[in-house]
Amino acid sequence: MKYVIIGNSTAAVGAIEGIRQMDGSGEITVISNEKYHTYSRPLISYLLQGKTDMERMKYRPADFYEKNGCRTILGKKVIGIRKAVRTVLLDDGSEIPYDRLMTATGSSPFIPGFDGLDSVKCKFTFMTLEDAFSLREALGPDKRVLIIGAGLIGLKCAEGIADHVKGITVVDLSTRILSSILDDSSAAIVQKHIEKTNIAFILGQSVSRFDGQTAYLSGGGKVDFDILVAAVGVRPNVSLISDIGGETDRGIVTDEYMRTSIEGIYAAGDCTESYDVSCGQRRVLALLPNAYRQGECAGINMAGGERKFDRAIPMNAIGFFGLHVITAGSCTGEVYEEKGDGSLKKLFYDDDLLKGYILVRDVEKAGIYTSLIQNRVALGDIDFELICEKPSLMAFSRKYRQQKLGGVV
Amino acid sequence: MKRVYVNEKWCLGCRLCEYNCAFANTGERNMALALRNLEISPRIRIEEGSDICFAVSCRHCEEPLCVKGCITGALSIEDGIIMVDEDKCVSCYTCILSCPYGAVSPSEHGAVQKCELCVKNRSGAPACVAGCPNGAIVYEER
Ligand SMILES: Cc1cc2nc3c(=O)[nH]c(=O)nc-3n(C[C@H](O)[C@H](O)[C@H](O)COP(=O)(O)OP(=O)(O)OC[C@H]3O[C@@H](n4cnc5c(N)ncnc54)[C@H](O)[C@@H]3O)c2cc1C
Ligand code: SF4
Ligand code: SF4
């Protein structure tokens with residue numbers, strides 16, 4: 001069996017490990033246009049911050065490909081899939097045959113067509129190691145940075161470079177930071193914490209035009225800057241599949257076995273859409289744990305096993321300057337809330353199910369809440385009052401504990 | 001493989017397992033000296049209610065969600081044991097978000113901590129079990 005994987009990041013590694021659980025000898029070829037050993041994408045900000053290095057950023061050990069019998073083709077881009085003859089076409093003209101193919105192509109930064117963007121000389125996106133290297137070249141103690149986008153990538157970038165520049169202004173159209181995962185009250189706490197540094201926010205405004213080193217804002221003000229980072233959003237890389245008639249929406253559409261609509265082709269990770277069990281809708285969940293589990297599931301199925309991945313929910317653990325935040329699920333329904341000094345807990349529940357939560361500062365044992373959402377545990381079956389107070393196994397039945405603490409799980 | 005299992009009805013809530021865990025992982029030889037004036041941060045934790053108590057530590061899951069979700073590759077499976085590479089961990093706490101049993105916790109050393117069945121310290125076998133006076137936790141094949 002010949003397996004080909006396009007992409008060499010989280011979902012690809014999941015697939016390799018999934019295939020090898022089932023098939024120890026099939027040929028695996030991994031192709032990526034990034035030229036590096038598989039690395040942890042979220043660590044690019046930690047690299048700039050000096051909290052990790054190239055060696056420790058390796059997502060799997062140096063002998064990973066060798067141990068798993070993988071051939072790598074790095075620094076080359078797949079430009080097309082020929083499904084009739086089951087080959088992929090590379091940008092150097094070569095063609096690689098497959099029996100089972102997986103696209104783990106991730107996503108690309110999306111940059112809206114700002115007026116005057118061409119006049120900005122020093123501009124970056126923040127998605128890859130290469131992006132981090134070029135941004136690092138531009139940093140300096142007298143540099144003023146403008147980041148567009150107060151989402152996870154924009155703020156992680158801000159944290160990563162804060163110590164190496166004079167100041168950072170973050171502009172976002174939303175009226176709160178991290179708007180896709182936090183609500184107003186939790187966002188306010190995190191914003192206040194970040195503002196203790198050299199990072200300032202301008203929210204509820206967008207850039208209406210650029211002129212060289214000046215950004216003119218929709219509210220009438222302007223920001224002068226030396227370095228621009230665009231972190232507005234990302235778009236799943238779906239074209240390899242859509243070009244050959246495969247079903248795509250915002251992301252590549254798959255079933256719960258991670259099969260695309262095209263025979264023999266699977267997809268996993270940030271390039272796909274998932275069915276979010278916390279809200280019952282399909283959405284793009286660009287998250288590392290999701291990418292791994294989808295990849296592993298795809299790998300097992302590609303190699304003839306049977307595995308479903310039907311537990312996808314949004315989930316994020318993020319920290320900024322020592323303040324930890326964990327969120328999962330959807331913020332809908334009734335709310336249980338506890339406020340402390342710079343800390344916050346909010347649980348959202350509906351229909352006898354926990355739907356989502358937001359924890360700021362005190363995040364211990366958060367995974368117990370995550371499991372309630374992911375496994376759709378009926379709240380009537382547990383001590384809900386106790387679990388609201390603190391996540392604990394005490395809130396579950398003796399039988400559940402006996403299974404989990406007294407058996408193999 | 002051998003794991004630590006809990007017999008809830010035998011637990012006295014004496015917290016000796018917590019002390020033995022914390023001590024084993026200090027690398028010191030004298031418990032009283034090692035833990036004096038120290039707020040301990042063990043990898044096994046007692047949960048205590050009005051009439052029950054029990055110890056919780058890593059289950060060394062067959063499908064470890066912590067390992068699958070780890071953003072750096074700092075968590076790995078070595079002969080069935082779920083291990084932390086302190087050098088690689090960046091304390092993002094995605095594992096705390098992922099573990100269904102609350103078995104990973106922050107530590108003072110910049111990396112997360114969890115039970116590693118005492119394979120990295122000199123105990124050789126789980127120190128919590130060795131010190132439990134009532135057989136409320138056992139280390140065996142099941
Ligand atoms: C700065 C930053 C911080 C993040 N922090 C977190 C975090 O804290 N927690 C979290 O859960 N997630 C985080 N994420 C998201 C996380 O990195 C992604 O969810 C994860 O990397 C997805 O993995 P993937 O394998 O699906 O795709 P990707 O990691 O995007 O990899 C896709 C790969 O495929 C390659 N590729 C694409 N098209 C082709 C082609 N045609 N030919 C050849 N190769 C191709 C790309 O170059 C890329 O190397 C962060 C992301 C960024 C950018
Ligand atoms: S830390 Fe939690 S998820 Fe990981 S192996 Fe232990 S019990 Fe399982
Ligand atoms: S805190 Fe450390 S071990 Fe846990 S997910 Fe993050 S990097 Fe991995």
# chains A, B, ... in the order shown; residues from 1 in each chain; ligands from 1
>>> residues_around(residues="Ser98 in chain B", least_positions_apart="6", cutoff="9 Å", atoms="only C-alpha atoms", output="list in words")
Pro289, Met315, Lys365, Ala366, Gly367, Ile368, Thr370 and Ser371 of chain A; Leu65, Cys66, Val67, Lys68, Gly69 and Cys70 of chain B
>>> residues_around(residues="range 44-49 of chain B", least_positions_apart="4", cutoff="9 Å", atoms="only C-alpha atoms", output="PDB file with all heavy atoms, in the first residue's frame")
ATOM      1  N   SER A 392     -14.343  17.961  39.666  1.00  0.00           N
ATOM      2  CA  SER A 392     -13.835  16.861  40.481  1.00  0.00           C
ATOM      3  C   SER A 392     -14.519  15.566  40.095  1.00  0.00           C
ATOM      4  O   SER A 392     -15.626  15.571  39.555  1.00  0.00           O
ATOM      5  CB  SER A 392     -14.100  17.151  41.963  1.00  0.00           C
ATOM      6  OG  SER A 392     -15.493  17.350  42.140  1.00  0.00           O
ATOM      7  N   LEU A 393     -13.876  14.456  40.375  1.00  0.00           N
ATOM      8  CA  LEU A 393     -14.479  13.154  40.099  1.00  0.00           C
ATOM      9  C   LEU A 393     -15.495  12.801  41.177  1.00  0.00           C
ATOM     10  O   LEU A 393     -16.328  11.919  40.990  1.00  0.00           O
ATOM     11  CB  LEU A 393     -13.391  12.078  40.007  1.00  0.00           C
ATOM     12  CG  LEU A 393     -12.351  12.305  38.894  1.00  0.00           C
ATOM     13  CD1 LEU A 393     -11.392  11.123  38.815  1.00  0.00           C
ATOM     14  CD2 LEU A 393     -13.023  12.517  37.541  1.00  0.00           C
ATOM     15  N   MET A 394     -15.420  13.518  42.317  1.00  0.00           N
ATOM     16  CA  MET A 394     -16.381  13.333  43.402  1.00  0.00           C
ATOM     17  C   MET A 394     -17.818  13.545  42.917  1.00  0.00           C
ATOM     18  O   MET A 394     -18.750  12.943  43.436  1.00  0.00           O
ATOM     19  CB  MET A 394     -16.040  14.342  44.513  1.00  0.00           C
ATOM     20  CG  MET A 394     -16.808  14.171  45.787  1.00  0.00           C
ATOM     21  SD  MET A 394     -16.378  12.640  46.619  1.00  0.00           S
ATOM     22  CE  MET A 394     -14.879  13.115  47.480  1.00  0.00           C
TER      23      MET A 394
ATOM     24  N   GLY B  13      -8.073   8.964  53.806  1.00  0.00           N
ATOM     25  CA  GLY B  13      -7.882  10.408  53.656  1.00  0.00           C
ATOM     26  C   GLY B  13      -6.690  10.929  54.425  1.00  0.00           C
ATOM     27  O   GLY B  13      -6.611  12.117  54.760  1.00  0.00           O
ATOM     28  N   CYS B  14      -5.712  10.046  54.709  1.00  0.00           N
ATOM     29  CA  CYS B  14      -4.568  10.464  55.536  1.00  0.00           C
ATOM     30  C   CYS B  14      -3.546  11.269  54.737  1.00  0.00           C
ATOM     31  O   CYS B  14      -2.683  11.909  55.296  1.00  0.00           O
ATOM     32  CB  CYS B  14      -3.891   9.246  56.152  1.00  0.00           C
ATOM     33  SG  CYS B  14      -3.076   8.185  54.927  1.00  0.00           S
ATOM     34  N   ARG B  15      -3.636  11.235  53.427  1.00  0.00           N
ATOM     35  CA  ARG B  15      -2.774  12.008  52.518  1.00  0.00           C
ATOM     36  C   ARG B  15      -1.297  11.597  52.540  1.00  0.00           C
ATOM     37  O   ARG B  15      -0.429  12.340  52.106  1.00  0.00           O
ATOM     38  CB  ARG B  15      -2.886  13.516  52.788  1.00  0.00           C
ATOM     39  CG  ARG B  15      -4.291  14.032  52.527  1.00  0.00           C
ATOM     40  CD  ARG B  15      -4.397  15.533  52.662  1.00  0.00           C
ATOM     41  NE  ARG B  15      -5.787  15.957  52.497  1.00  0.00           N
ATOM     42  CZ  ARG B  15      -6.317  16.363  51.340  1.00  0.00           C
ATOM     43  NH1 ARG B  15      -5.581  16.440  50.271  1.00  0.00           N
ATOM     44  NH2 ARG B  15      -7.587  16.695  51.277  1.00  0.00           N
ATOM     45  N   CYS B  17      -0.091   9.374  50.698  1.00  0.00           N
ATOM     46  CA  CYS B  17       0.297   9.219  49.283  1.00  0.00           C
ATOM     47  C   CYS B  17       0.781  10.544  48.716  1.00  0.00           C
ATOM     48  O   CYS B  17       1.777  10.605  47.982  1.00  0.00           O
ATOM     49  CB  CYS B  17      -0.862   8.677  48.451  1.00  0.00           C
ATOM     50  SG  CYS B  17      -2.403   9.594  48.632  1.00  0.00           S
ATOM     51  N   GLU B  18       0.096  11.625  49.068  1.00  0.00           N
ATOM     52  CA  GLU B  18       0.496  12.948  48.573  1.00  0.00           C
ATOM     53  C   GLU B  18       1.904  13.286  49.081  1.00  0.00           C
ATOM     54  O   GLU B  18       2.747  13.761  48.313  1.00  0.00           O
ATOM     55  CB  GLU B  18      -0.494  14.022  49.038  1.00  0.00           C
ATOM     56  CG  GLU B  18      -1.881  13.897  48.411  1.00  0.00           C
ATOM     57  CD  GLU B  18      -2.805  15.058  48.787  1.00  0.00           C
ATOM     58  OE1 GLU B  18      -2.440  15.845  49.695  1.00  0.00           O
ATOM     59  OE2 GLU B  18      -3.880  15.176  48.182  1.00  0.00           O
ATOM     60  N   CYS B  21       4.550  11.079  47.416  1.00  0.00           N
ATOM     61  CA  CYS B  21       4.755  11.486  46.022  1.00  0.00           C
ATOM     62  C   CYS B  21       5.639  12.730  45.963  1.00  0.00           C
ATOM     63  O   CYS B  21       6.637  12.787  45.239  1.00  0.00           O
ATOM     64  CB  CYS B  21       3.410  11.770  45.357  1.00  0.00           C
ATOM     65  SG  CYS B  21       3.565  12.490  43.709  1.00  0.00           S
ATOM     66  N   ALA B  22       5.263  13.716  46.762  1.00  0.00           N
ATOM     67  CA  ALA B  22       6.027  14.968  46.748  1.00  0.00           C
ATOM     68  C   ALA B  22       7.475  14.698  47.144  1.00  0.00           C
ATOM     69  O   ALA B  22       8.415  15.199  46.509  1.00  0.00           O
ATOM     70  CB  ALA B  22       5.393  15.969  47.702  1.00  0.00           C
ATOM     71  N   CYS B  53     -13.519   9.588  50.412  1.00  0.00           N
ATOM     72  CA  CYS B  53     -12.326  10.222  49.866  1.00  0.00           C
ATOM     73  C   CYS B  53     -11.603   9.167  49.031  1.00  0.00           C
ATOM     74  O   CYS B  53     -11.794   7.967  49.219  1.00  0.00           O
ATOM     75  CB  CYS B  53     -11.438  10.785  50.958  1.00  0.00           C
ATOM     76  SG  CYS B  53     -11.144   9.661  52.293  1.00  0.00           S
ATOM     77  N   PHE B  54     -10.821   9.657  48.093  1.00  0.00           N
ATOM     78  CA  PHE B  54     -10.086   8.741  47.211  1.00  0.00           C
ATOM     79  C   PHE B  54      -8.956   9.507  46.567  1.00  0.00           C
ATOM     80  O   PHE B  54      -8.986  10.736  46.483  1.00  0.00           O
ATOM     81  CB  PHE B  54     -11.015   8.128  46.158  1.00  0.00           C
ATOM     82  CG  PHE B  54     -11.823   9.140  45.400  1.00  0.00           C
ATOM     83  CD1 PHE B  54     -11.308   9.777  44.274  1.00  0.00           C
ATOM     84  CD2 PHE B  54     -13.098   9.493  45.841  1.00  0.00           C
ATOM     85  CE1 PHE B  54     -12.052  10.723  43.587  1.00  0.00           C
ATOM     86  CE2 PHE B  54     -13.845  10.452  45.158  1.00  0.00           C
ATOM     87  CZ  PHE B  54     -13.320  11.070  44.031  1.00  0.00           C
ATOM     88  N   ALA B  55      -7.966   8.752  46.098  1.00  0.00           N
ATOM     89  CA  ALA B  55      -6.802   9.362  45.461  1.00  0.00           C
ATOM     90  C   ALA B  55      -6.997   9.370  43.952  1.00  0.00           C
ATOM     91  O   ALA B  55      -7.561   8.442  43.386  1.00  0.00           O
ATOM     92  CB  ALA B  55      -5.557   8.555  45.815  1.00  0.00           C
ATOM     93  N   VAL B  56      -6.520  10.427  43.285  1.00  0.00           N
ATOM     94  CA  VAL B  56      -6.568  10.478  41.825  1.00  0.00           C
ATOM     95  C   VAL B  56      -5.174  10.782  41.282  1.00  0.00           C
ATOM     96  O   VAL B  56      -4.530  11.742  41.710  1.00  0.00           O
ATOM     97  CB  VAL B  56      -7.534  11.575  41.311  1.00  0.00           C
ATOM     98  CG1 VAL B  56      -7.586  11.559  39.782  1.00  0.00           C
ATOM     99  CG2 VAL B  56      -8.923  11.407  41.899  1.00  0.00           C
ATOM    100  N   SER B  57      -4.711   9.928  40.390  1.00  0.00           N
ATOM    101  CA  SER B  57      -3.471  10.230  39.665  1.00  0.00           C
ATOM    102  C   SER B  57      -3.661   9.762  38.230  1.00  0.00           C
ATOM    103  O   SER B  57      -4.679   9.160  37.899  1.00  0.00           O
ATOM    104  CB  SER B  57      -2.277   9.538  40.320  1.00  0.00           C
ATOM    105  OG  SER B  57      -2.459   8.142  40.289  1.00  0.00           O
ATOM    106  N   CYS B  58      -2.691  10.019  37.400  1.00  0.00           N
ATOM    107  CA  CYS B  58      -2.801   9.715  35.975  1.00  0.00           C
ATOM    108  C   CYS B  58      -3.185   8.258  35.751  1.00  0.00           C
ATOM    109  O   CYS B  58      -2.636   7.354  36.366  1.00  0.00           O
ATOM    110  CB  CYS B  58      -1.475  10.014  35.275  1.00  0.00           C
ATOM    111  SG  CYS B  58      -1.450   9.409  33.579  1.00  0.00           S
ATOM    112  N   ALA B 103      -5.656  15.003  35.931  1.00  0.00           N
ATOM    113  CA  ALA B 103      -4.427  14.393  36.439  1.00  0.00           C
ATOM    114  C   ALA B 103      -3.139  15.133  36.070  1.00  0.00           C
ATOM    115  O   ALA B 103      -2.058  14.708  36.453  1.00  0.00           O
ATOM    116  CB  ALA B 103      -4.340  12.940  35.953  1.00  0.00           C
ATOM    117  N   LYS B 114       2.885  15.445  36.169  1.00  0.00           N
ATOM    118  CA  LYS B 114       1.890  14.382  36.281  1.00  0.00           C
ATOM    119  C   LYS B 114       2.590  13.129  36.771  1.00  0.00           C
ATOM    120  O   LYS B 114       3.824  13.067  36.764  1.00  0.00           O
ATOM    121  CB  LYS B 114       1.227  14.130  34.926  1.00  0.00           C
ATOM    122  CG  LYS B 114       2.223  13.664  33.875  1.00  0.00           C
ATOM    123  CD  LYS B 114       1.540  13.367  32.557  1.00  0.00           C
ATOM    124  CE  LYS B 114       0.685  12.126  32.658  1.00  0.00           C
ATOM    125  NZ  LYS B 114       1.422  10.913  33.067  1.00  0.00           N
ATOM    126  N   CYS B 115       1.818  12.150  37.198  1.00  0.00           N
ATOM    127  CA  CYS B 115       2.406  10.893  37.648  1.00  0.00           C
ATOM    128  C   CYS B 115       3.142  10.208  36.498  1.00  0.00           C
ATOM    129  O   CYS B 115       2.598  10.066  35.409  1.00  0.00           O
ATOM    130  CB  CYS B 115       1.302   9.976  38.170  1.00  0.00           C
ATOM    131  SG  CYS B 115       1.833   8.264  38.327  1.00  0.00           S
ATOM    132  N   CYS B 128       3.725   6.371  46.230  1.00  0.00           N
ATOM    133  CA  CYS B 128       2.412   6.581  46.869  1.00  0.00           C
ATOM    134  C   CYS B 128       1.854   5.256  47.358  1.00  0.00           C
ATOM    135  O   CYS B 128       1.375   5.140  48.487  1.00  0.00           O
ATOM    136  CB  CYS B 128       1.449   7.237  45.885  1.00  0.00           C
ATOM    137  SG  CYS B 128       1.308   6.374  44.295  1.00  0.00           S
TER     138      CYS B 128
END
>>> residues_near_ligand(ligand="ligand 3", cutoff="8 Å", atoms="only C-alpha atoms and all ligand atoms", output="list in words")
Cys66, Val67, Gly69, Cys70, Ile71, Thr72, Gly73, Ala74, Leu75, Val84, Asp85, Glu86, Lys88, Cys89, Val90, Ser91, Cys92, Tyr93, Thr94, Cys95, Ile96, Val104, Pro106, Ala111 and Val112 of chain B
>>> residues_around(residues="Arg144 in chain A", least_positions_apart="2", cutoff="8 Å", atoms="only C-alpha atoms", output="list in words")
Asp142, Leu146, Val165, Lys166, Gly167, Ile168, Thr169, Asp224, Phe225, Asp226 and Ile227 of chain A
>>> write_last_selection(atoms="N, CA and C atoms", output="short mmCIF file (atom, residue, chain, number, x, y, z; two decimals), in the first residue's frame")
data_model
loop_
_atom_site.label_atom_id
_atom_site.label_comp_id
_atom_site.auth_asym_id
_atom_site.auth_seq_id
_atom_site.Cartn_x
_atom_site.Cartn_y
_atom_site.Cartn_z
N ASP A 142 13.69 50.24 19.01
CA ASP A 142 13.00 51.51 18.72
C ASP A 142 11.81 51.33 17.77
N LEU A 146 2.42 47.59 14.50
CA LEU A 146 0.96 47.58 14.40
C LEU A 146 0.52 46.17 14.03
N VAL A 165 10.66 45.11 21.02
CA VAL A 165 10.26 46.32 20.28
C VAL A 165 9.87 47.41 21.28
N LYS A 166 9.68 48.61 20.75
CA LYS A 166 9.33 49.74 21.63
C LYS A 166 7.88 49.63 22.12
N GLY A 167 6.98 49.40 21.19
CA GLY A 167 5.58 49.31 21.59
C GLY A 167 4.76 48.65 20.50
N ILE A 168 3.59 48.14 20.91
CA ILE A 168 2.73 47.44 19.96
C ILE A 168 1.31 47.98 20.08
N THR A 169 0.69 48.29 18.93
CA THR A 169 -0.72 48.65 18.92
C THR A 169 -1.47 47.54 18.20
N ASP A 224 0.94 55.52 13.71
CA ASP A 224 2.21 55.45 12.99
C ASP A 224 2.96 54.19 13.42
N PHE A 225 3.58 53.54 12.48
CA PHE A 225 4.24 52.27 12.81
C PHE A 225 5.45 52.04 11.91
N ASP A 226 6.31 51.13 12.36
CA ASP A 226 7.45 50.72 11.53
C ASP A 226 7.23 49.33 10.93
N ILE A 227 6.50 48.49 11.71
CA ILE A 227 6.30 47.09 11.28
C ILE A 227 4.81 46.79 11.32
#
>>> residues_around(residues="Val6 in chain B", least_positions_apart="3", cutoff="9 Å", atoms="only C-alpha atoms", output="ChimeraX atom specification")
/A:402,405-407 /B:9-11,54-56,135-138
>>> residues_around(residues="range 299-303 of chain A", least_positions_apart="5", cutoff="12 Å", atoms="only C-alpha atoms", output="PyMOL selection string")
chain A and resi 1-5+11-28+98-104+255-260+263-268+292-294+308-309
>>> atom_distance(atom1="CA of Ser261 in chain A", atom2="CA of Ile31 in chain A")
21.7 Å
>>> select_by_dssp(residues="range 143-366 of chain A", states="strand (DSSP E)", output="ChimeraX atom specification")
/A:143-148,165-172,199-203,207-211,214-217,222-224,227-230,234-236,265-267,274-276,281-283,315-320,323-329,334-339,344-350,353-360
>>> atom_distance(atom1="CA of Phe126 in chain A", atom2="CA of Cys157 in chain A")
7.1 Å
